[in-house]
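Taking it in order: structure first as structure tokens, then the write-up.
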Amino acid sequence: MLIDLYSDTATRPTAAMRRAIAEAEVGDEQKGEDPTVNRLQEMVAALLGKEAALFLPSGTMCNEIAIKVHTRPGDAIIADRLAHVFGSEAGGPAFHSGVLVKLLDGERGRFTPEQVAAALDPGSAHVAPTTLLCVEQTHNFGGGTLWPLDQLRAVCEVARRAGLATHLDGARLLNAVVASGVAAREFCAPCDSAWLDLSKGLGAPVGGVLAGSAAFITEARRYKHIFGGAMRQAGIIAAAGVYALEHHVARLAEDHEHARRLAAGLGDIPGVTVENPEPETNIVFFDIAGTGIAPAEFLDRIKTRGVRMGAMGPRRLRAVTHLDVGAGDVETALTVAREMLA
Ligand SMILES: *Cc1c(COP(=O)(O)O)cnc(C)c1O
């Protein structure tokens with residue numbers, strides 16, 4: 001079996017999750033008649049402390065619909081330079097919403113209230129109005145970075161005072177919750193909209209759930225249809241999400257433990273530099289420049305030994321822990337990495 005550290009999207013539904021899928025009650029989701037989808041939406045709305053929630057086919061659609069609802073074409077939005085909305089959604093904010101993205105140079109994905117303040121602009125005859133702030137919790141390409149609650153509140157407060165909407169990309173929000181002990185609703189309170197991904201470390205095969213005010217979700221539902229994301233008997237996939245929220249949240253702590261072990265072990269290999277030697281959550285970034293071995297060759301070599309990791313750019317390598325990676329797998333991956341870099 002491949003030890004797949006490429007991403008926490010690699011998880012496969014467990015046997016128990018597959019049973020939940022098989023037994024799901026279903027109905028027409030487009031008409032609001034799928035009881036399992038409705039249950040999932042209620043669970044996430046309660047968890048994130050919002051009035052309503054909407055099940056969507058992907059996390060990307062959660063971000064793209066939220067941006068669409070919060071902005072008008074020609075607006076500017078603020079995000080970190082490494083934000084998923086900017087770099088990994090195929091130009092979605094420009095394509096769907098016609099917005100400019102103002103990039104902040106954060107520290108591993110986290111920026112400061114001062115940086116937000118400097119990027120604000122009410123707009124004029126010549127200048128695009130800045131109308132939305134996007135925050136990512138945890139920050140993927142920052143290295144699974146955890147935003148402290150105070151800092152998250154502070155950046156959102158600056159935005160809110162200037163009349164901007166605030167959006168939380170919570171693809172790995174529950175990793176942040178488990179790592180910090182702060183409730184999801186606390187992280188979401190400063191944000192008008194927030195979502196979590198079911199298909200990352202939670203281990204479900206498909207989907208994300210976007211939450212916000214009742215009025216926000218009414219509009220989001222319309223865009224869901226426009227974007228072609230409205231489904232029919234979607235309880236089949238929503239059941240996996242319900243199962244994941246009931247059974248796979250607390251165990252994220254194991255993934256974090258495994259990431260710390262991975263970071264420590266990689267850091268002990270001569271020539272390897274770990275960017276985040278003490279990962280807060282489940283993502284480790286490192287480079288192997290000091291070994292003289294090319295990253296692509298390293299990835300090929302470990303793959304032949306049954307271990308997969310990813311390259312994010314020409315030098316940055318990434319390893320992500322998740323439900324399908326056990327403590328023994330981490331040791332095996334380290335042994336393989338050590339041998340291939342010797
Ligand atoms: C994976 C990811 C997304 C997109 O989610 P998909 O379900 O893969 O579309 C958005 N934001 C972040 C931070 C992610 O890691």
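Each chain of the structure tokens is named A, B, ... in the order shown, its residues numbered from 1; ligands are numbered from 1 in display order.
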
Practice item. May I have the residues within 10 Å of Ala128 of chain A as a VMD selection string, using only C-alpha atoms and disregarding those fewer than 2 positions away in the same chain? Key: chain A and resid 73 to 77 99 to 100 121 to 126 130 to 131

With a cut-off of 9 Å, could you pull out the residues of chain A touching ligand 1 and give me the nearest pair of atoms for each, distance in Å to one decimal, using only C-alpha atoms and all ligand atoms, ordered by chain and ascending number, as JSON lines?
{"residue": "A:Ser7", "atom": "CA", "partner": "ligand 1", "partner_atom_place_in_ligand_line": "1 (C)", "distance": 8.8}
{"residue": "A:Asp8", "atom": "CA", "partner": "ligand 1", "partner_atom_place_in_ligand_line": "1 (C)", "distance": 8.7}
{"residue": "A:Thr9", "atom": "CA", "partner": "ligand 1", "partner_atom_place_in_ligand_line": "8 (O)", "distance": 7.3}
{"residue": "A:Pro57", "atom": "CA", "partner": "ligand 1", "partner_atom_place_in_ligand_line": "7 (O)", "distance": 7.5}
{"residue": "A:Ser58", "atom": "CA", "partner": "ligand 1", "partner_atom_place_in_ligand_line": "7 (O)", "distance": 4.0}
{"residue": "A:Gly59", "atom": "CA", "partner": "ligand 1", "partner_atom_place_in_ligand_line": "5 (O)", "distance": 3.4}
{"residue": "A:Thr60", "atom": "CA", "partner": "ligand 1", "partner_atom_place_in_ligand_line": "9 (O)", "distance": 3.6}
{"residue": "A:Met61", "atom": "CA", "partner": "ligand 1", "partner_atom_place_in_ligand_line": "9 (O)", "distance": 6.5}
{"residue": "A:Cys62", "atom": "CA", "partner": "ligand 1", "partner_atom_place_in_ligand_line": "9 (O)", "distance": 7.9}
{"residue": "A:Asn63", "atom": "CA", "partner": "ligand 1", "partner_atom_place_in_ligand_line": "10 (C)", "distance": 6.9}
{"residue": "A:Ala83", "atom": "CA", "partner": "ligand 1", "partner_atom_place_in_ligand_line": "13 (C)", "distance": 6.9}
{"residue": "A:His84", "atom": "CA", "partner": "ligand 1", "partner_atom_place_in_ligand_line": "11 (N)", "distance": 4.9}
{"residue": "A:Val85", "atom": "CA", "partner": "ligand 1", "partner_atom_place_in_ligand_line": "11 (N)", "distance": 6.6}
{"residue": "A:Ser88", "atom": "CA", "partner": "ligand 1", "partner_atom_place_in_ligand_line": "10 (C)", "distance": 7.8}
{"residue": "A:Glu89", "atom": "CA", "partner": "ligand 1", "partner_atom_place_in_ligand_line": "4 (C)", "distance": 7.6}
{"residue": "A:Glu136", "atom": "CA", "partner": "ligand 1", "partner_atom_place_in_ligand_line": "13 (C)", "distance": 6.0}
{"residue": "A:Gln137", "atom": "CA", "partner": "ligand 1", "partner_atom_place_in_ligand_line": "13 (C)", "distance": 7.3}
{"residue": "A:Thr138", "atom": "CA", "partner": "ligand 1", "partner_atom_place_in_ligand_line": "13 (C)", "distance": 7.1}
{"residue": "A:His139", "atom": "CA", "partner": "ligand 1", "partner_atom_place_in_ligand_line": "13 (C)", "distance": 6.0}
{"residue": "A:Asn140", "atom": "CA", "partner": "ligand 1", "partner_atom_place_in_ligand_line": "13 (C)", "distance": 5.1}
{"residue": "A:Phe141", "atom": "CA", "partner": "ligand 1", "partner_atom_place_in_ligand_line": "13 (C)", "distance": 7.7}
{"residue": "A:Gly144", "atom": "CA", "partner": "ligand 1", "partner_atom_place_in_ligand_line": "13 (C)", "distance": 8.9}
{"residue": "A:Asp169", "atom": "CA", "partner": "ligand 1", "partner_atom_place_in_ligand_line": "11 (N)", "distance": 5.8}
{"residue": "A:Gly170", "atom": "CA", "partner": "ligand 1", "partner_atom_place_in_ligand_line": "13 (C)", "distance": 6.7}
{"residue": "A:Ala171", "atom": "CA", "partner": "ligand 1", "partner_atom_place_in_ligand_line": "12 (C)", "distance": 4.8}
{"residue": "A:Arg172", "atom": "CA", "partner": "ligand 1", "partner_atom_place_in_ligand_line": "15 (O)", "distance": 6.9}
{"residue": "A:Leu196", "atom": "CA", "partner": "ligand 1", "partner_atom_place_in_ligand_line": "5 (O)", "distance": 8.8}
{"residue": "A:Asp197", "atom": "CA", "partner": "ligand 1", "partner_atom_place_in_ligand_line": "7 (O)", "distance": 5.8}
{"residue": "A:Leu198", "atom": "CA", "partner": "ligand 1", "partner_atom_place_in_ligand_line": "7 (O)", "distance": 7.5}
{"residue": "A:Ser199", "atom": "CA", "partner": "ligand 1", "partner_atom_place_in_ligand_line": "7 (O)", "distance": 6.1}
{"residue": "A:Lys200", "atom": "CA", "partner": "ligand 1", "partner_atom_place_in_ligand_line": "1 (C)", "distance": 6.9}
{"residue": "A:Val206", "atom": "CA", "partner": "ligand 1", "partner_atom_place_in_ligand_line": "7 (O)", "distance": 7.2}
{"residue": "A:Gly207", "atom": "CA", "partner": "ligand 1", "partner_atom_place_in_ligand_line": "7 (O)", "distance": 6.0}
{"residue": "A:Gly208", "atom": "CA", "partner": "ligand 1", "partner_atom_place_in_ligand_line": "7 (O)", "distance": 6.2}

Exercise for review: Write out as a PyMOL selection string each polymer residue whose atoms come within 10 Å of segment 33-50 of chain A, counting only C-alpha atoms; drop sequence neighbours fewer than 5 positions from it.
Suggested key: chain A and resi 24-28+55-56+173+183-189+191-196+208-214+231-243+245-246

Practice item. Would you please give, as a list of chain:residue names, all residues of segment 106-159 of chain A that DSSP assigns to strand (DSSP E or B) based on the backbone? Key: A:Glu107, A:Arg110, A:Thr130, A:Thr131, A:Leu132, A:Leu133, A:Cys134, A:Val135, A:Glu136, A:His139, A:Thr145

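Atom CA of Ala162 of chain A is found 13.9 Å from atom CA of Pro190 of chain A.
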
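As for atom CA of Val307 of chain A and atom CA of Ile3 of chain A, they are spaced 4.8 Å apart.
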
Practice item. May I ask which of the residues A:Ala296, A:Ala176, A:Leu120, A:Leu5 is the closest one to Leu262 of chain A, counting only C-alpha atoms? Key: A:Leu5

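Atom CA of Leu103 of chain A sits 26.6 Å away from atom CA of Thr273 of chain A.
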
Segment 101-200 of chain A: residues DSSP assigns to alpha helix (DSSP H), reported as a PDB file with N, CA, C and O atoms, in the first residue's frame:
ATOM      1  N   PRO A 113      -3.113  43.187  11.478  1.00  0.00           N
ATOM      2  CA  PRO A 113      -4.138  44.229  11.292  1.00  0.00           C
ATOM      3  C   PRO A 113      -3.570  45.430  10.533  1.00  0.00           C
ATOM      4  O   PRO A 113      -4.274  46.040   9.721  1.00  0.00           O
ATOM      5  N   GLU A 114      -2.298  45.746  10.781  1.00  0.00           N
ATOM      6  CA  GLU A 114      -1.670  46.890  10.098  1.00  0.00           C
ATOM      7  C   GLU A 114      -1.593  46.628   8.589  1.00  0.00           C
ATOM      8  O   GLU A 114      -1.817  47.532   7.789  1.00  0.00           O
ATOM      9  N   GLN A 115      -1.267  45.404   8.227  1.00  0.00           N
ATOM     10  CA  GLN A 115      -1.195  45.086   6.793  1.00  0.00           C
ATOM     11  C   GLN A 115      -2.575  45.211   6.136  1.00  0.00           C
ATOM     12  O   GLN A 115      -2.697  45.677   5.016  1.00  0.00           O
ATOM     13  N   VAL A 116      -3.602  44.759   6.861  1.00  0.00           N
ATOM     14  CA  VAL A 116      -4.958  44.879   6.317  1.00  0.00           C
ATOM     15  C   VAL A 116      -5.321  46.352   6.175  1.00  0.00           C
ATOM     16  O   VAL A 116      -5.813  46.793   5.128  1.00  0.00           O
ATOM     17  N   ALA A 117      -5.024  47.131   7.220  1.00  0.00           N
ATOM     18  CA  ALA A 117      -5.360  48.559   7.199  1.00  0.00           C
ATOM     19  C   ALA A 117      -4.716  49.236   5.992  1.00  0.00           C
ATOM     20  O   ALA A 117      -5.338  50.066   5.322  1.00  0.00           O
ATOM     21  N   ALA A 118      -3.462  48.853   5.697  1.00  0.00           N
ATOM     22  CA  ALA A 118      -2.742  49.493   4.594  1.00  0.00           C
ATOM     23  C   ALA A 118      -3.323  49.106   3.232  1.00  0.00           C
ATOM     24  O   ALA A 118      -3.101  49.808   2.241  1.00  0.00           O
ATOM     25  N   ALA A 119      -4.051  47.997   3.192  1.00  0.00           N
ATOM     26  CA  ALA A 119      -4.608  47.531   1.903  1.00  0.00           C
ATOM     27  C   ALA A 119      -6.035  48.024   1.664  1.00  0.00           C
ATOM     28  O   ALA A 119      -6.597  47.838   0.587  1.00  0.00           O
ATOM     29  N   ASN A 140      -2.854  26.454   4.516  1.00  0.00           N
ATOM     30  CA  ASN A 140      -2.262  25.308   3.830  1.00  0.00           C
ATOM     31  C   ASN A 140      -0.815  25.566   3.424  1.00  0.00           C
ATOM     32  O   ASN A 140       0.125  24.962   3.969  1.00  0.00           O
ATOM     33  N   PHE A 141      -0.606  26.479   2.482  1.00  0.00           N
ATOM     34  CA  PHE A 141       0.741  26.674   1.937  1.00  0.00           C
ATOM     35  C   PHE A 141       1.660  27.449   2.887  1.00  0.00           C
ATOM     36  O   PHE A 141       2.853  27.567   2.628  1.00  0.00           O
ATOM     37  N   GLY A 142       1.075  27.963   3.972  1.00  0.00           N
ATOM     38  CA  GLY A 142       1.925  28.496   5.038  1.00  0.00           C
ATOM     39  C   GLY A 142       2.545  27.372   5.849  1.00  0.00           C
ATOM     40  O   GLY A 142       3.511  27.570   6.574  1.00  0.00           O
ATOM     41  N   GLY A 143       1.957  26.167   5.763  1.00  0.00           N
ATOM     42  CA  GLY A 143       2.468  25.018   6.516  1.00  0.00           C
ATOM     43  C   GLY A 143       1.503  24.574   7.611  1.00  0.00           C
ATOM     44  O   GLY A 143       1.913  24.273   8.727  1.00  0.00           O
ATOM     45  N   LEU A 149      -6.591  32.993  17.863  1.00  0.00           N
ATOM     46  CA  LEU A 149      -7.909  33.643  17.835  1.00  0.00           C
ATOM     47  C   LEU A 149      -7.787  35.169  17.891  1.00  0.00           C
ATOM     48  O   LEU A 149      -8.476  35.880  17.151  1.00  0.00           O
ATOM     49  N   ASP A 150      -6.903  35.668  18.731  1.00  0.00           N
ATOM     50  CA  ASP A 150      -6.758  37.128  18.876  1.00  0.00           C
ATOM     51  C   ASP A 150      -6.366  37.789  17.560  1.00  0.00           C
ATOM     52  O   ASP A 150      -6.873  38.854  17.217  1.00  0.00           O
ATOM     53  N   GLN A 151      -5.426  37.165  16.858  1.00  0.00           N
ATOM     54  CA  GLN A 151      -4.947  37.755  15.603  1.00  0.00           C
ATOM     55  C   GLN A 151      -6.033  37.696  14.526  1.00  0.00           C
ATOM     56  O   GLN A 151      -6.223  38.639  13.756  1.00  0.00           O
ATOM     57  N   LEU A 152      -6.771  36.602  14.515  1.00  0.00           N
ATOM     58  CA  LEU A 152      -7.870  36.465  13.560  1.00  0.00           C
ATOM     59  C   LEU A 152      -8.937  37.533  13.822  1.00  0.00           C
ATOM     60  O   LEU A 152      -9.426  38.208  12.908  1.00  0.00           O
ATOM     61  N   ARG A 153      -9.271  37.697  15.100  1.00  0.00           N
ATOM     62  CA  ARG A 153     -10.245  38.730  15.472  1.00  0.00           C
ATOM     63  C   ARG A 153      -9.751  40.115  15.076  1.00  0.00           C
ATOM     64  O   ARG A 153     -10.512  40.935  14.568  1.00  0.00           O
ATOM     65  N   ALA A 154      -8.471  40.351  15.304  1.00  0.00           N
ATOM     66  CA  ALA A 154      -7.921  41.695  15.064  1.00  0.00           C
ATOM     67  C   ALA A 154      -7.962  42.057  13.584  1.00  0.00           C
ATOM     68  O   ALA A 154      -8.345  43.175  13.228  1.00  0.00           O
ATOM     69  N   VAL A 155      -7.589  41.109  12.700  1.00  0.00           N
ATOM     70  CA  VAL A 155      -7.597  41.462  11.269  1.00  0.00           C
ATOM     71  C   VAL A 155      -9.035  41.643  10.774  1.00  0.00           C
ATOM     72  O   VAL A 155      -9.316  42.531   9.957  1.00  0.00           O
ATOM     73  N   CYS A 156      -9.942  40.822  11.299  1.00  0.00           N
ATOM     74  CA  CYS A 156     -11.339  40.942  10.864  1.00  0.00           C
ATOM     75  C   CYS A 156     -11.965  42.233  11.377  1.00  0.00           C
ATOM     76  O   CYS A 156     -12.779  42.858  10.699  1.00  0.00           O
ATOM     77  N   GLU A 157     -11.545  42.643  12.564  1.00  0.00           N
ATOM     78  CA  GLU A 157     -12.077  43.876  13.157  1.00  0.00           C
ATOM     79  C   GLU A 157     -11.711  45.095  12.291  1.00  0.00           C
ATOM     80  O   GLU A 157     -12.558  45.957  12.028  1.00  0.00           O
ATOM     81  N   VAL A 158     -10.472  45.129  11.825  1.00  0.00           N
ATOM     82  CA  VAL A 158     -10.035  46.233  10.957  1.00  0.00           C
ATOM     83  C   VAL A 158     -10.881  46.252   9.678  1.00  0.00           C
ATOM     84  O   VAL A 158     -11.343  47.306   9.221  1.00  0.00           O
ATOM     85  N   ALA A 159     -11.101  45.066   9.126  1.00  0.00           N
ATOM     86  CA  ALA A 159     -11.877  44.969   7.884  1.00  0.00           C
ATOM     87  C   ALA A 159     -13.321  45.406   8.121  1.00  0.00           C
ATOM     88  O   ALA A 159     -13.898  46.185   7.359  1.00  0.00           O
ATOM     89  N   ARG A 160     -13.890  44.895   9.187  1.00  0.00           N
ATOM     90  CA  ARG A 160     -15.292  45.165   9.493  1.00  0.00           C
ATOM     91  C   ARG A 160     -15.551  46.656   9.721  1.00  0.00           C
ATOM     92  O   ARG A 160     -16.529  47.207   9.217  1.00  0.00           O
ATOM     93  N   ARG A 161     -14.628  47.284  10.447  1.00  0.00           N
ATOM     94  CA  ARG A 161     -14.786  48.727  10.713  1.00  0.00           C
ATOM     95  C   ARG A 161     -14.789  49.522   9.423  1.00  0.00           C
ATOM     96  O   ARG A 161     -15.408  50.575   9.328  1.00  0.00           O
ATOM     97  N   LEU A 173     -10.355  23.866   9.138  1.00  0.00           N
ATOM     98  CA  LEU A 173     -10.760  24.565  10.361  1.00  0.00           C
ATOM     99  C   LEU A 173     -10.735  23.633  11.571  1.00  0.00           C
ATOM    100  O   LEU A 173     -10.331  24.022  12.661  1.00  0.00           O
ATOM    101  N   LEU A 174     -11.175  22.386  11.381  1.00  0.00           N
ATOM    102  CA  LEU A 174     -11.251  21.507  12.550  1.00  0.00           C
ATOM    103  C   LEU A 174      -9.869  21.055  13.004  1.00  0.00           C
ATOM    104  O   LEU A 174      -9.676  20.717  14.172  1.00  0.00           O
ATOM    105  N   ASN A 175      -8.881  21.078  12.106  1.00  0.00           N
ATOM    106  CA  ASN A 175      -7.504  20.865  12.555  1.00  0.00           C
ATOM    107  C   ASN A 175      -7.110  21.990  13.509  1.00  0.00           C
ATOM    108  O   ASN A 175      -6.454  21.747  14.532  1.00  0.00           O
ATOM    109  N   ALA A 176      -7.520  23.212  13.169  1.00  0.00           N
ATOM    110  CA  ALA A 176      -7.215  24.359  14.037  1.00  0.00           C
ATOM    111  C   ALA A 176      -7.903  24.210  15.389  1.00  0.00           C
ATOM    112  O   ALA A 176      -7.324  24.503  16.439  1.00  0.00           O
ATOM    113  N   VAL A 177      -9.145  23.732  15.352  1.00  0.00           N
ATOM    114  CA  VAL A 177      -9.923  23.558  16.584  1.00  0.00           C
ATOM    115  C   VAL A 177      -9.247  22.532  17.495  1.00  0.00           C
ATOM    116  O   VAL A 177      -9.035  22.771  18.687  1.00  0.00           O
ATOM    117  N   VAL A 178      -8.874  21.402  16.905  1.00  0.00           N
ATOM    118  CA  VAL A 178      -8.270  20.335  17.699  1.00  0.00           C
ATOM    119  C   VAL A 178      -6.887  20.757  18.213  1.00  0.00           C
ATOM    120  O   VAL A 178      -6.516  20.473  19.354  1.00  0.00           O
ATOM    121  N   ALA A 179      -6.142  21.489  17.397  1.00  0.00           N
ATOM    122  CA  ALA A 179      -4.786  21.889  17.797  1.00  0.00           C
ATOM    123  C   ALA A 179      -4.802  22.962  18.883  1.00  0.00           C
ATOM    124  O   ALA A 179      -3.898  23.033  19.702  1.00  0.00           O
ATOM    125  N   SER A 180      -5.840  23.807  18.872  1.00  0.00           N
ATOM    126  CA  SER A 180      -5.842  24.965  19.781  1.00  0.00           C
ATOM    127  C   SER A 180      -6.770  24.811  20.969  1.00  0.00           C
ATOM    128  O   SER A 180      -6.619  25.501  21.972  1.00  0.00           O
ATOM    129  N   ALA A 184     -14.856  25.958  17.139  1.00  0.00           N
ATOM    130  CA  ALA A 184     -14.995  26.409  15.751  1.00  0.00           C
ATOM    131  C   ALA A 184     -15.798  27.703  15.682  1.00  0.00           C
ATOM    132  O   ALA A 184     -15.470  28.621  14.919  1.00  0.00           O
ATOM    133  N   ARG A 185     -16.842  27.806  16.496  1.00  0.00           N
ATOM    134  CA  ARG A 185     -17.697  29.001  16.409  1.00  0.00           C
ATOM    135  C   ARG A 185     -16.943  30.261  16.822  1.00  0.00           C
ATOM    136  O   ARG A 185     -17.251  31.354  16.367  1.00  0.00           O
ATOM    137  N   GLU A 186     -15.952  30.087  17.679  1.00  0.00           N
ATOM    138  CA  GLU A 186     -15.132  31.254  18.077  1.00  0.00           C
ATOM    139  C   GLU A 186     -14.311  31.762  16.891  1.00  0.00           C
ATOM    140  O   GLU A 186     -14.214  32.956  16.653  1.00  0.00           O
ATOM    141  N   PHE A 187     -13.700  30.807  16.163  1.00  0.00           N
ATOM    142  CA  PHE A 187     -12.915  31.219  14.992  1.00  0.00           C
ATOM    143  C   PHE A 187     -13.814  31.820  13.908  1.00  0.00           C
ATOM    144  O   PHE A 187     -13.374  32.660  13.128  1.00  0.00           O
ATOM    145  N   CYS A 188     -15.062  31.361  13.839  1.00  0.00           N
ATOM    146  CA  CYS A 188     -15.958  31.822  12.767  1.00  0.00           C
ATOM    147  C   CYS A 188     -16.701  33.104  13.127  1.00  0.00           C
ATOM    148  O   CYS A 188     -17.177  33.806  12.226  1.00  0.00           O
TER     149      CYS A 188
END

Check your understanding: Which neighbours of Glu297 of chain A fall inside 12 Å, counting only C-alpha atoms, when residues of the same chain fewer than 2 positions from it are skipped, and could you give them as a ChimeraX atom specification?
Key -> /A:288,291-295,299-304,309-311,314-315,317,337,340-341

Check your understanding: Nearest to Glu254 of chain A: which of A:Glu331, A:Asp287, A:Glu275, A:Asp324 is it, counting only C-alpha atoms?
Key -> A:Asp324

Practice item. Would you mind listing what lies within 12 Å of Val325 of chain A as a PyMOL selection string, with only C-alpha atoms counted and same-chain residues fewer than 2 positions away left out? Key: chain A and resi 1-12+201+203+251-252+254-259+262+282+307-308+319-323+327-333
